[in-house]
Amino acid sequence: MTVPFFFQTLVTGLSSGMISYMMVAGMSLIISGMNMVNFGQGAFFVLGTYLTYTIAASIGFIPALIIAPLIVGGLGWFVERAVRPLFGKNMLYIMLLTFGVAYIVCDMMVLIWGYAIRLMKLPKFLNKSVAIFGIYFPTYYLFMIAVGIVIAVSFWFMMNKTKLGMMMRAIIKDREMVACLGINVTKLFSIMFMLGTGIAGLGGVLNAPITGMSPKEGLSIFANVMPILMIGGMRNMNGCLPAALLVGLVNAFGAIYFPQYYNVIPAALMVICMFIRPQGIFTKKEAA
Amino acid sequence: MISKIKSLSQKQRDLLGGIITVIVILVASCMATDSILDFMSRMVIYMLFASAVNIILGFGGLRPLGQGTYFGFTAYAYLFMVVRMHIPMAVAIPLALLLNLLLAVFIGIVCLRANDDMAFAFMNMGFNTLLWSLVQKMQIVGSDTGITGSVRLPFASSTKGNFYLCFAVSLICIVIIYFFLKSPFAKMLKGSRENIERLTFIGANTHNIRLTAYIVSGFFCGIAGLLYSMRNMGAFPAMISTNVSLEGLIMCLIGGMYSFLGPIVGAAIVTFINVQLPIITNFYQAIFGVIIVLCVLFLRGGLLKDKSTLNLDNSRKKLFSKGGGQK
Amino acid sequence: MSQPILKVENLNRYFGALHAVNNVSFDVPKGQVRAIIGPNGAGKSTLMDLICNRTTPSSGKVIFNGEDITARPPYEIVRRGLCKCFQITQIFQNLTVYENVQIARINKNKKTYFFRYVRDSYLKDEVEHFLSLVGIQDKMNEIAGYLSYGDQRRLDIAIALAMEPQLLILDEPAAGVSREEAHNLMNLIRQLGEKQHMTMLFIEHDMDIVFNYADVISVMRKGEMIATGTPENIKNNKFVQEAYLGGGSNE
């Protein structure tokens, strides 16, 4: 493997990791804060992709970056309302409900956009290559990494430096206490859910120009992303980014050496990591 | 009449329900055409599958999102042995079941290590996905097309014969599961569902209890898978997919997680919907999704309820009517 | 006979920087009723948790009946005869009262066969015996979660007794029930203790209960055990008075 190729693969891995990160960050937020699993996350991701196809064709790619996540987040609001009566009951009900939602959303997409796998051309200004230290990288991949970093940093900033973030962190630690403090937990949950799904939608937007997607993939995507959750530690939001990047990198390099078994890699990685450290590789050990 | 039914104990209700179901199925099978018999064998196999899933779902209180693994794995193992390795069926059947058991032990141990309910659910699903993607890529198991071959038992090779085989095996297995759920072990399992810490402080090794339940469940799921492969005369990636696991869960959910006959009823309903819906519309997935959503929102706990759960609901209603109690 | 049933040596537990249990050592002879008292945050509950390994000790030893049980899995400790009842009543909510005790007896008998079909009334005599010991046998078929709190407590104790423990640890048995009910419970437990030669260790804030039912009292403060003695000694102990500074719960 030549040095330039190594770095190019590195960038490929990091950028695909960034997209996964966005899907997983949303899930982690929802799991940690609301103690529920949103199985429909994959469907929201694909929805973001499809919205981008349409919006980019009519208005442009950059507006799609903003509009699509908003629409997806809006849909998330509806879903959260549907889930509300189930809070506190057996988590299984919520899992199945979000699965049902995923089915519905996937078929809605088929209804609107048809079965065919769609593709999209990269927007012109991003369809170039940039030379860094003499190695050529596709601009779009660097763009994805940049967006990912921006999102990660904004997320961190919001969670740790804003009042909203403080309330969210409080809920994650102790839901009942927060309710006792007079904070509107319901509204906060809505916001968390919308944020979680919106980020997934953004990931879908970024994903649109580089991968062809069929609406039916909404469910299988979730399964591909789940290993990242396990590796990062399910309730550990800080673990999402390193885990996603790790899996992205392993995927990218693995695709070169084992092209056939490419999509087995995330799941296999998860099994190995679970053996070594069941709580997740990037979780901090509990204060002993 | 109604009051007489109400006064029956849970055991008698189960027995009555079971006998009625068996009679209905047998009678229907006599008058049925081949295609209906095909449908009925599928239904009966799924009844077994759902009952097996409910061992850890309803009674164990865990969330098994990946029991389809055993369903498909046994099918593949059996087909592979008979078709590719030319092992005689009489040997392949117990061997496939044994391999399935070992797989259940392995996955069970790994999944229960984290002692976290959600981690268990996800790990389960993770293994399911892993095997599913593996199977789709590996040439020796036929990648996307799977393995096909004539694998029905010689005395049950016709549609009708195969149906009776599936029915007989499922019936025996379901009866065994019934007795299993009445054993002292199952009582401890129910305890682990209710309050696992208390069970630990009664001196029970909760990890082993859950593991055992999981293995038993996986074993019976494997038997269902084996029967299915005989019915279809092949093993296909769809059999080991997460969809199968999910359907199992939904059957238990719709039929009733906390009763014994619940999953059986749920299996009948879901199989029926699965077969009929695609005929009516192309968007059967969405409609299925809607059904799931409605069931979860309104049919909490499923259609059929155990007598003790009914008592629970009645007590709750009494509490409310007296003006006390919360939730 | 001279060997204490429970011997705790230099038990320590840190939670980060907090030294919750600080070098505690004590003995409990067989058959004694021992109370552990102390202001809030003294480390009493943590100490009990360390003994039955609900929390792992940072260092130290716990010896039960001459056997080192430090950091053994909790279920093994319970099997050896050490039972703990929690401050918050822990029962199997959605099962019947009968089933609650039945599970305990099944485990005691170690007869957890898988395919052995048993009637629902399995172990009826034993279960009814323990239910009647605490006085709730007439509520046998009710769902545990819907009993009154006092009855739930009795059920909790019935479950613990069904394990026939040699040492019973109770965390605030009087909490959450009326004064009368608390006295009833303590009387009951004390009588049973004498009949079955059971040793008892209990944490309590209600001084009335403590002084009425304990043979020996140990006082904890800030993670350390500062005094042990008969109720008379403890009442007059300067350190204890200082620790409580004008009284604990009820004077």
# chains A, B, ... in the order shown; residues from 1 in each chain; ligands from 1
call {"tool": "interface_residues", "arguments": {"of": "chain A", "to": "chain B", "cutoff": "7 Å", "atoms": "only C-alpha atoms", "output": "VMD selection string"}}
result
chain A and resid 92 to 93 97 100 to 101 103 to 104 107 223 227 260 to 261 263 to 264 267 to 268 275 278 to 279
call {"tool": "write_last_selection", "arguments": {"atoms": "N, CA and C atoms", "output": "PDB file, in the first residue's frame"}}
result
ATOM      1  N   LEU A  92     -39.609  -2.707  25.474  1.00  0.00           N
ATOM      2  CA  LEU A  92     -39.860  -3.458  24.247  1.00  0.00           C
ATOM      3  C   LEU A  92     -40.928  -2.788  23.398  1.00  0.00           C
ATOM      4  N   TYR A  93     -41.962  -2.244  24.062  1.00  0.00           N
ATOM      5  CA  TYR A  93     -43.039  -1.625  23.307  1.00  0.00           C
ATOM      6  C   TYR A  93     -42.507  -0.486  22.468  1.00  0.00           C
ATOM      7  N   LEU A  97     -42.522  -0.143  18.527  1.00  0.00           N
ATOM      8  CA  LEU A  97     -43.227   0.968  17.914  1.00  0.00           C
ATOM      9  C   LEU A  97     -42.340   1.691  16.932  1.00  0.00           C
ATOM     10  N   GLY A 100     -42.101  -0.232  13.868  1.00  0.00           N
ATOM     11  CA  GLY A 100     -43.289  -0.036  13.045  1.00  0.00           C
ATOM     12  C   GLY A 100     -43.210   1.274  12.287  1.00  0.00           C
ATOM     13  N   VAL A 101     -42.740   2.304  12.989  1.00  0.00           N
ATOM     14  CA  VAL A 101     -42.573   3.598  12.338  1.00  0.00           C
ATOM     15  C   VAL A 101     -41.595   3.487  11.185  1.00  0.00           C
ATOM     16  N   TYR A 103     -40.947   0.910   9.352  1.00  0.00           N
ATOM     17  CA  TYR A 103     -41.636   0.260   8.231  1.00  0.00           C
ATOM     18  C   TYR A 103     -42.493   1.270   7.478  1.00  0.00           C
ATOM     19  N   ILE A 104     -43.245   2.060   8.258  1.00  0.00           N
ATOM     20  CA  ILE A 104     -44.168   3.003   7.634  1.00  0.00           C
ATOM     21  C   ILE A 104     -43.403   4.044   6.837  1.00  0.00           C
ATOM     22  N   ASP A 107     -42.008   2.682   3.573  1.00  0.00           N
ATOM     23  CA  ASP A 107     -42.986   2.528   2.509  1.00  0.00           C
ATOM     24  C   ASP A 107     -43.525   3.859   2.016  1.00  0.00           C
ATOM     25  N   ALA A 223     -29.021  -1.742  11.357  1.00  0.00           N
ATOM     26  CA  ALA A 223     -28.260  -2.898  11.814  1.00  0.00           C
ATOM     27  C   ALA A 223     -26.769  -2.687  11.594  1.00  0.00           C
ATOM     28  N   PRO A 227     -23.370  -1.749  15.696  1.00  0.00           N
ATOM     29  CA  PRO A 227     -22.083  -2.082  16.309  1.00  0.00           C
ATOM     30  C   PRO A 227     -21.372  -0.861  16.866  1.00  0.00           C
ATOM     31  N   GLN A 260     -14.939  -8.863  -0.387  1.00  0.00           N
ATOM     32  CA  GLN A 260     -16.172  -9.646  -0.413  1.00  0.00           C
ATOM     33  C   GLN A 260     -16.938  -9.571   0.891  1.00  0.00           C
ATOM     34  N   TYR A 261     -16.216  -9.575   1.985  1.00  0.00           N
ATOM     35  CA  TYR A 261     -16.883  -9.659   3.279  1.00  0.00           C
ATOM     36  C   TYR A 261     -17.031  -8.296   3.912  1.00  0.00           C
ATOM     37  N   ASN A 263     -19.400  -6.045   4.284  1.00  0.00           N
ATOM     38  CA  ASN A 263     -20.400  -5.626   5.267  1.00  0.00           C
ATOM     39  C   ASN A 263     -20.489  -6.527   6.485  1.00  0.00           C
ATOM     40  N   VAL A 264     -19.609  -7.501   6.553  1.00  0.00           N
ATOM     41  CA  VAL A 264     -19.580  -8.295   7.766  1.00  0.00           C
ATOM     42  C   VAL A 264     -18.736  -7.603   8.821  1.00  0.00           C
ATOM     43  N   ALA A 267     -20.188  -5.842  12.169  1.00  0.00           N
ATOM     44  CA  ALA A 267     -20.731  -6.782  13.147  1.00  0.00           C
ATOM     45  C   ALA A 267     -19.621  -7.616  13.768  1.00  0.00           C
ATOM     46  N   ALA A 268     -18.670  -8.042  12.943  1.00  0.00           N
ATOM     47  CA  ALA A 268     -17.573  -8.842  13.488  1.00  0.00           C
ATOM     48  C   ALA A 268     -16.779  -8.031  14.500  1.00  0.00           C
ATOM     49  N   PHE A 275     -16.277  -9.019  23.433  1.00  0.00           N
ATOM     50  CA  PHE A 275     -15.483  -9.999  24.155  1.00  0.00           C
ATOM     51  C   PHE A 275     -14.502  -9.312  25.069  1.00  0.00           C
ATOM     52  N   PRO A 278     -17.190  -5.615  27.624  1.00  0.00           N
ATOM     53  CA  PRO A 278     -18.629  -5.578  27.363  1.00  0.00           C
ATOM     54  C   PRO A 278     -19.280  -4.211  27.528  1.00  0.00           C
ATOM     55  N   GLN A 279     -18.689  -3.333  28.352  1.00  0.00           N
ATOM     56  CA  GLN A 279     -19.414  -2.079  28.524  1.00  0.00           C
ATOM     57  C   GLN A 279     -19.187  -1.142  27.354  1.00  0.00           C
TER      58      GLN A 279
END
call {"tool": "interface_residues", "arguments": {"of": "chain C", "to": "chain A", "cutoff": "8 Å", "atoms": "only C-alpha atoms", "output": "list in words"}}
result
Tyr14, Phe15 and Gly16 of chain C
call {"tool": "write_last_selection", "arguments": {"atoms": "C-alpha atoms", "output": "short mmCIF file (atom, residue, chain, number, x, y, z; two decimals), in the first residue's frame"}}
result
data_model
loop_
_atom_site.label_atom_id
_atom_site.label_comp_id
_atom_site.auth_asym_id
_atom_site.auth_seq_id
_atom_site.Cartn_x
_atom_site.Cartn_y
_atom_site.Cartn_z
CA TYR C 14 -13.91 4.34 48.93
CA PHE C 15 -16.21 6.10 46.51
CA GLY C 16 -13.71 8.21 44.67
#
call {"tool": "closest_residue", "arguments": {"among": "C:Ser121, C:Asn53, C:Thr89, C:Thr230", "to": "Tyr75 of chain C", "atoms": "only C-alpha atoms"}}
result
C:Asn53
call {"tool": "interface_residues", "arguments": {"of": "chain B", "to": "chain C", "cutoff": "7 Å", "atoms": "only C-alpha atoms", "output": "PyMOL selection string"}}
result
chain B and resi 179-180+182-185+187-188+191+194-195+198+200-205+312
call {"tool": "atom_distance", "arguments": {"atom1": "atom CA of Phe219 of chain B", "atom2": "atom CA of Leu103 of chain B"}}
result
9.3 Å
call {"tool": "residues_around", "arguments": {"residues": "Thr56 of chain C", "least_positions_apart": "3", "cutoff": "8 Å", "atoms": "only C-alpha atoms", "output": "PyMOL selection string"}}
result
chain C and resi 13+50+53+71
call {"tool": "write_last_selection", "arguments": {"atoms": "N, CA and C atoms", "output": "PDB file, in the first residue's frame"}}
result
ATOM      1  N   ARG C  13     -14.121   1.110  52.315  1.00  0.00           N
ATOM      2  CA  ARG C  13     -14.744   1.304  51.014  1.00  0.00           C
ATOM      3  C   ARG C  13     -14.606   2.767  50.612  1.00  0.00           C
ATOM      4  N   LEU C  50     -21.392  -3.992  51.987  1.00  0.00           N
ATOM      5  CA  LEU C  50     -20.072  -4.607  51.849  1.00  0.00           C
ATOM      6  C   LEU C  50     -20.085  -6.030  52.368  1.00  0.00           C
ATOM      7  N   ASN C  53     -21.637  -8.146  49.900  1.00  0.00           N
ATOM      8  CA  ASN C  53     -21.028  -7.903  48.590  1.00  0.00           C
ATOM      9  C   ASN C  53     -21.983  -7.362  47.543  1.00  0.00           C
ATOM     10  N   ALA C  71     -16.189 -10.451  49.136  1.00  0.00           N
ATOM     11  CA  ALA C  71     -16.314 -10.278  47.684  1.00  0.00           C
ATOM     12  C   ALA C  71     -16.762 -11.531  46.943  1.00  0.00           C
TER      13      ALA C  71
END
call {"tool": "residues_around", "arguments": {"residues": "Asn237 of chain C", "least_positions_apart": "3", "cutoff": "12 Å", "atoms": "only C-alpha atoms", "output": "list in words"}}
result
Ile217, Ser218, Val219, Ile226, Ala227, Thr228, Gly229, Thr230, Pro231, Glu232, Asn233, Ile234, Val240, Gln241, Glu242, Ala243 and Tyr244 of chain C
call {"tool": "write_last_selection", "arguments": {"atoms": "C-alpha atoms", "output": "PDB file, in the first residue's frame"}}
result
ATOM      1  CA  ILE C 217     -25.617  -1.532  69.873  1.00  0.00           C
ATOM      2  CA  SER C 218     -22.822  -0.374  67.591  1.00  0.00           C
ATOM      3  CA  VAL C 219     -22.536   3.264  66.663  1.00  0.00           C
ATOM      4  CA  ILE C 226     -16.979   4.607  67.299  1.00  0.00           C
ATOM      5  CA  ALA C 227     -18.619   2.577  70.020  1.00  0.00           C
ATOM      6  CA  THR C 228     -20.113  -0.803  70.776  1.00  0.00           C
ATOM      7  CA  GLY C 229     -21.934  -1.791  73.916  1.00  0.00           C
ATOM      8  CA  THR C 230     -25.149  -2.554  75.722  1.00  0.00           C
ATOM      9  CA  PRO C 231     -27.955  -0.020  75.432  1.00  0.00           C
ATOM     10  CA  GLU C 232     -27.057   1.355  78.885  1.00  0.00           C
ATOM     11  CA  ASN C 233     -23.436   1.888  77.962  1.00  0.00           C
ATOM     12  CA  ILE C 234     -24.286   3.511  74.689  1.00  0.00           C
ATOM     13  CA  VAL C 240     -22.116   8.795  70.989  1.00  0.00           C
ATOM     14  CA  GLN C 241     -23.755  11.824  72.534  1.00  0.00           C
ATOM     15  CA  GLU C 242     -21.390  14.017  70.634  1.00  0.00           C
ATOM     16  CA  ALA C 243     -22.103  12.183  67.406  1.00  0.00           C
ATOM     17  CA  TYR C 244     -25.779  12.729  67.715  1.00  0.00           C
TER      18      TYR C 244
END
call {"tool": "residues_around", "arguments": {"residues": "Phe253 of chain A", "least_positions_apart": "3", "cutoff": "9 Å", "atoms": "only C-alpha atoms", "output": "PyMOL selection string"}}
result
chain A and resi 6+9-10+13+248-250+256-258
call {"tool": "write_last_selection", "arguments": {"atoms": "N, CA and C atoms", "output": "compact mmCIF listing (two decimals), in the first residue's frame"}}
result
# COMPACT_ATOMS: atom_id res chain seq x y z
N PHE A 6 -2.65 5.20 1.31
CA PHE A 6 -2.96 5.04 2.72
C PHE A 6 -3.76 6.24 3.24
N THR A 9 -7.25 6.40 1.76
CA THR A 9 -8.16 5.47 2.43
C THR A 9 -8.53 5.98 3.81
N LEU A 10 -7.53 6.58 4.46
CA LEU A 10 -7.79 7.16 5.78
C LEU A 10 -8.92 8.16 5.72
N GLY A 13 -12.22 6.55 5.11
CA GLY A 13 -12.73 5.94 6.33
C GLY A 13 -13.28 6.98 7.29
N GLY A 248 -15.43 3.31 10.85
CA GLY A 248 -15.27 3.82 9.49
C GLY A 248 -13.91 3.46 8.92
N LEU A 249 -12.89 3.63 9.76
CA LEU A 249 -11.53 3.32 9.29
C LEU A 249 -11.36 1.84 9.01
N VAL A 250 -11.83 1.02 9.95
CA VAL A 250 -11.70 -0.43 9.75
C VAL A 250 -12.44 -0.86 8.50
N ILE A 256 -10.50 -2.94 1.34
CA ILE A 256 -9.43 -3.17 0.39
C ILE A 256 -8.91 -4.60 0.48
N TYR A 257 -8.82 -5.08 1.72
CA TYR A 257 -8.25 -6.42 1.88
C TYR A 257 -9.30 -7.52 1.79
N PHE A 258 -10.51 -7.24 2.24
CA PHE A 258 -11.55 -8.26 2.13
C PHE A 258 -12.76 -7.71 1.41
call {"tool": "closest_residue", "arguments": {"among": "A:Ile231, A:Ala116, A:Leu206, A:Ala102", "to": "Ala146 of chain A", "atoms": "only C-alpha atoms"}}
result
A:Leu206
call {"tool": "closest_residue", "arguments": {"among": "B:Gly72, B:Asn54, B:Ile87, B:Leu102", "to": "Ile264 of chain B", "atoms": "only C-alpha atoms"}}
result
B:Asn54
call {"tool": "residues_around", "arguments": {"residues": "Asn187 of chain C", "least_positions_apart": "2", "cutoff": "12 Å", "atoms": "only C-alpha atoms", "output": "MDAnalysis selection string"}}
result
chainID C and resid 33 133:134 173:174 180:185 189:194 209:210 212:214
call {"tool": "write_last_selection", "arguments": {"atoms": "N, CA and C atoms", "output": "tab-separated table (two decimals), in the first residue's frame"}}
result
chain	number	residue	atom	x	y	z
C	33	VAL	N	-28.80	-10.02	68.99
C	33	VAL	CA	-29.54	-9.04	68.20
C	33	VAL	C	-28.75	-7.75	68.28
C	133	LEU	N	-46.16	-17.43	59.68
C	133	LEU	CA	-45.22	-16.89	60.66
C	133	LEU	C	-45.32	-15.37	60.71
C	134	VAL	N	-45.46	-14.74	59.55
C	134	VAL	CA	-45.56	-13.28	59.57
C	134	VAL	C	-47.01	-12.81	59.54
C	173	PRO	N	-35.87	-1.63	59.44
C	173	PRO	CA	-37.14	-2.35	59.40
C	173	PRO	C	-38.33	-1.49	59.80
C	174	ALA	N	-38.09	-0.42	60.57
C	174	ALA	CA	-39.23	0.36	61.03
C	174	ALA	C	-39.58	1.50	60.09
C	180	GLU	N	-46.80	1.26	65.78
C	180	GLU	CA	-47.36	-0.01	66.27
C	180	GLU	C	-46.89	-1.18	65.40
C	181	GLU	N	-47.00	-0.93	64.08
C	181	GLU	CA	-46.60	-1.98	63.13
C	181	GLU	C	-45.14	-2.32	63.30
C	182	ALA	N	-44.32	-1.28	63.50
C	182	ALA	CA	-42.88	-1.51	63.67
C	182	ALA	C	-42.62	-2.38	64.89
C	183	HIS	N	-43.29	-2.07	65.98
C	183	HIS	CA	-43.10	-2.89	67.17
C	183	HIS	C	-43.54	-4.32	66.94
C	184	ASN	N	-44.67	-4.48	66.25
C	184	ASN	CA	-45.14	-5.83	65.94
C	184	ASN	C	-44.11	-6.61	65.17
C	185	LEU	N	-43.58	-5.95	64.14
C	185	LEU	CA	-42.59	-6.60	63.29
C	185	LEU	C	-41.36	-7.01	64.10
C	189	ILE	N	-39.90	-10.69	64.76
C	189	ILE	CA	-38.57	-11.13	64.33
C	189	ILE	C	-37.76	-11.61	65.52
C	190	ARG	N	-37.89	-10.90	66.61
C	190	ARG	CA	-37.13	-11.30	67.78
C	190	ARG	C	-37.53	-12.67	68.28
C	191	GLN	N	-38.85	-12.91	68.30
C	191	GLN	CA	-39.31	-14.22	68.75
C	191	GLN	C	-38.80	-15.32	67.83
C	192	LEU	N	-38.95	-15.06	66.53
C	192	LEU	CA	-38.49	-16.06	65.58
C	192	LEU	C	-36.99	-16.28	65.74
C	193	GLY	N	-36.29	-15.17	65.98
C	193	GLY	CA	-34.85	-15.29	66.14
C	193	GLY	C	-34.50	-16.21	67.29
C	194	GLU	N	-35.22	-16.04	68.39
C	194	GLU	CA	-34.91	-16.89	69.54
C	194	GLU	C	-35.25	-18.33	69.27
C	209	ILE	N	-37.14	1.73	69.01
C	209	ILE	CA	-36.99	0.35	68.56
C	209	ILE	C	-35.63	-0.18	68.97
C	210	VAL	N	-34.63	0.63	68.72
C	210	VAL	CA	-33.27	0.17	68.99
C	210	VAL	C	-33.11	-0.21	70.46
C	212	ASN	N	-35.28	-0.94	72.61
C	212	ASN	CA	-36.16	-1.99	73.10
C	212	ASN	C	-35.75	-3.39	72.66
C	213	TYR	N	-35.14	-3.48	71.49
C	213	TYR	CA	-34.96	-4.82	70.94
C	213	TYR	C	-33.53	-5.27	70.78
C	214	ALA	N	-32.58	-4.34	70.92
C	214	ALA	CA	-31.21	-4.76	70.65
C	214	ALA	C	-30.53	-5.26	71.91
call {"tool": "atom_distance", "arguments": {"atom1": "atom CA of Ile117 of chain A", "atom2": "atom CA of Ser214 of chain A"}}
result
4.5 Å
call {"tool": "select_by_dssp", "arguments": {"residues": "segment 72-191 of chain C", "states": "strand (DSSP E or B)", "output": "PyMOL selection string"}}
result
chain C and resi 82-85+96+143+167-171
call {"tool": "write_last_selection", "arguments": {"atoms": "C-alpha atoms", "output": "compact mmCIF listing (two decimals), in the first residue's frame"}}
result
# COMPACT_ATOMS: atom_id res chain seq x y z
CA LEU C 82 -26.69 -14.68 55.32
CA CYS C 83 -29.87 -12.92 54.27
CA LYS C 84 -30.45 -9.23 53.77
CA CYS C 85 -33.66 -7.28 53.67
CA THR C 96 -48.91 -13.64 44.04
CA ILE C 143 -50.92 -9.96 43.88
CA LEU C 167 -27.77 -14.27 60.07
CA LEU C 168 -30.48 -11.83 59.06
CA ILE C 169 -29.56 -8.27 58.16
CA LEU C 170 -32.35 -5.71 58.17
CA ASP C 171 -31.99 -2.23 56.79
call {"tool": "residues_around", "arguments": {"residues": "Leu70 of chain A", "least_positions_apart": "4", "cutoff": "9 Å", "atoms": "only C-alpha atoms", "output": "JSON list (two decimals) with N, CA and C atoms, in the first residue's frame"}}
result
[["chain", "number", "residue", "atom", "x", "y", "z"],
["A", 66, "ILE", "N", -29.73, 22.26, 5.25],
["A", 66, "ILE", "CA", -30.47, 22.85, 6.36],
["A", 66, "ILE", "C", -31.91, 22.38, 6.37],
["A", 74, "GLY", "N", -38.81, 17.38, 12.25],
["A", 74, "GLY", "CA", -40.24, 17.58, 12.41],
["A", 74, "GLY", "C", -40.99, 16.26, 12.47],
["A", 75, "LEU", "N", -40.60, 15.36, 11.59],
["A", 75, "LEU", "CA", -41.21, 14.03, 11.61],
["A", 75, "LEU", "C", -40.93, 13.36, 12.95],
["A", 194, "MET", "N", -36.14, 15.29, 18.60],
["A", 194, "MET", "CA", -36.02, 15.99, 17.33],
["A", 194, "MET", "C", -34.56, 16.19, 16.96],
["A", 198, "GLY", "N", -32.95, 14.68, 13.79],
["A", 198, "GLY", "CA", -32.46, 15.68, 12.86],
["A", 198, "GLY", "C", -31.00, 15.45, 12.48],
["A", 201, "GLY", "N", -30.84, 12.83, 10.03],
["A", 201, "GLY", "CA", -31.24, 13.35, 8.73],
["A", 201, "GLY", "C", -30.08, 14.07, 8.05],
["A", 202, "LEU", "N", -29.33, 14.82, 8.86],
["A", 202, "LEU", "CA", -28.18, 15.53, 8.29],
["A", 202, "LEU", "C", -27.17, 14.53, 7.73]]
call {"tool": "atom_distance", "arguments": {"atom1": "atom CA of Val265 of chain B", "atom2": "atom CA of Ala75 of chain B"}}
result
24.2 Å
call {"tool": "closest_residue", "arguments": {"among": "B:Thr145, B:Thr74, B:Asn232, B:Thr206", "to": "Ile93 of chain B", "atoms": "only C-alpha atoms"}}
result
B:Thr74
call {"tool": "closest_residue", "arguments": {"among": "B:Ile109, B:Ser245, B:Phe155, B:Ala50", "to": "Thr69 of chain B", "atoms": "only C-alpha atoms"}}
result
B:Ser245
call {"tool": "select_by_dssp", "arguments": {"residues": "segment 189-288 of chain B", "states": "helix (DSSP H, G or I)", "output": "number ranges by chain"}}
result
B: 189-194, 196-200, 206-232, 237-240, 242-255, 262-280, 284-288
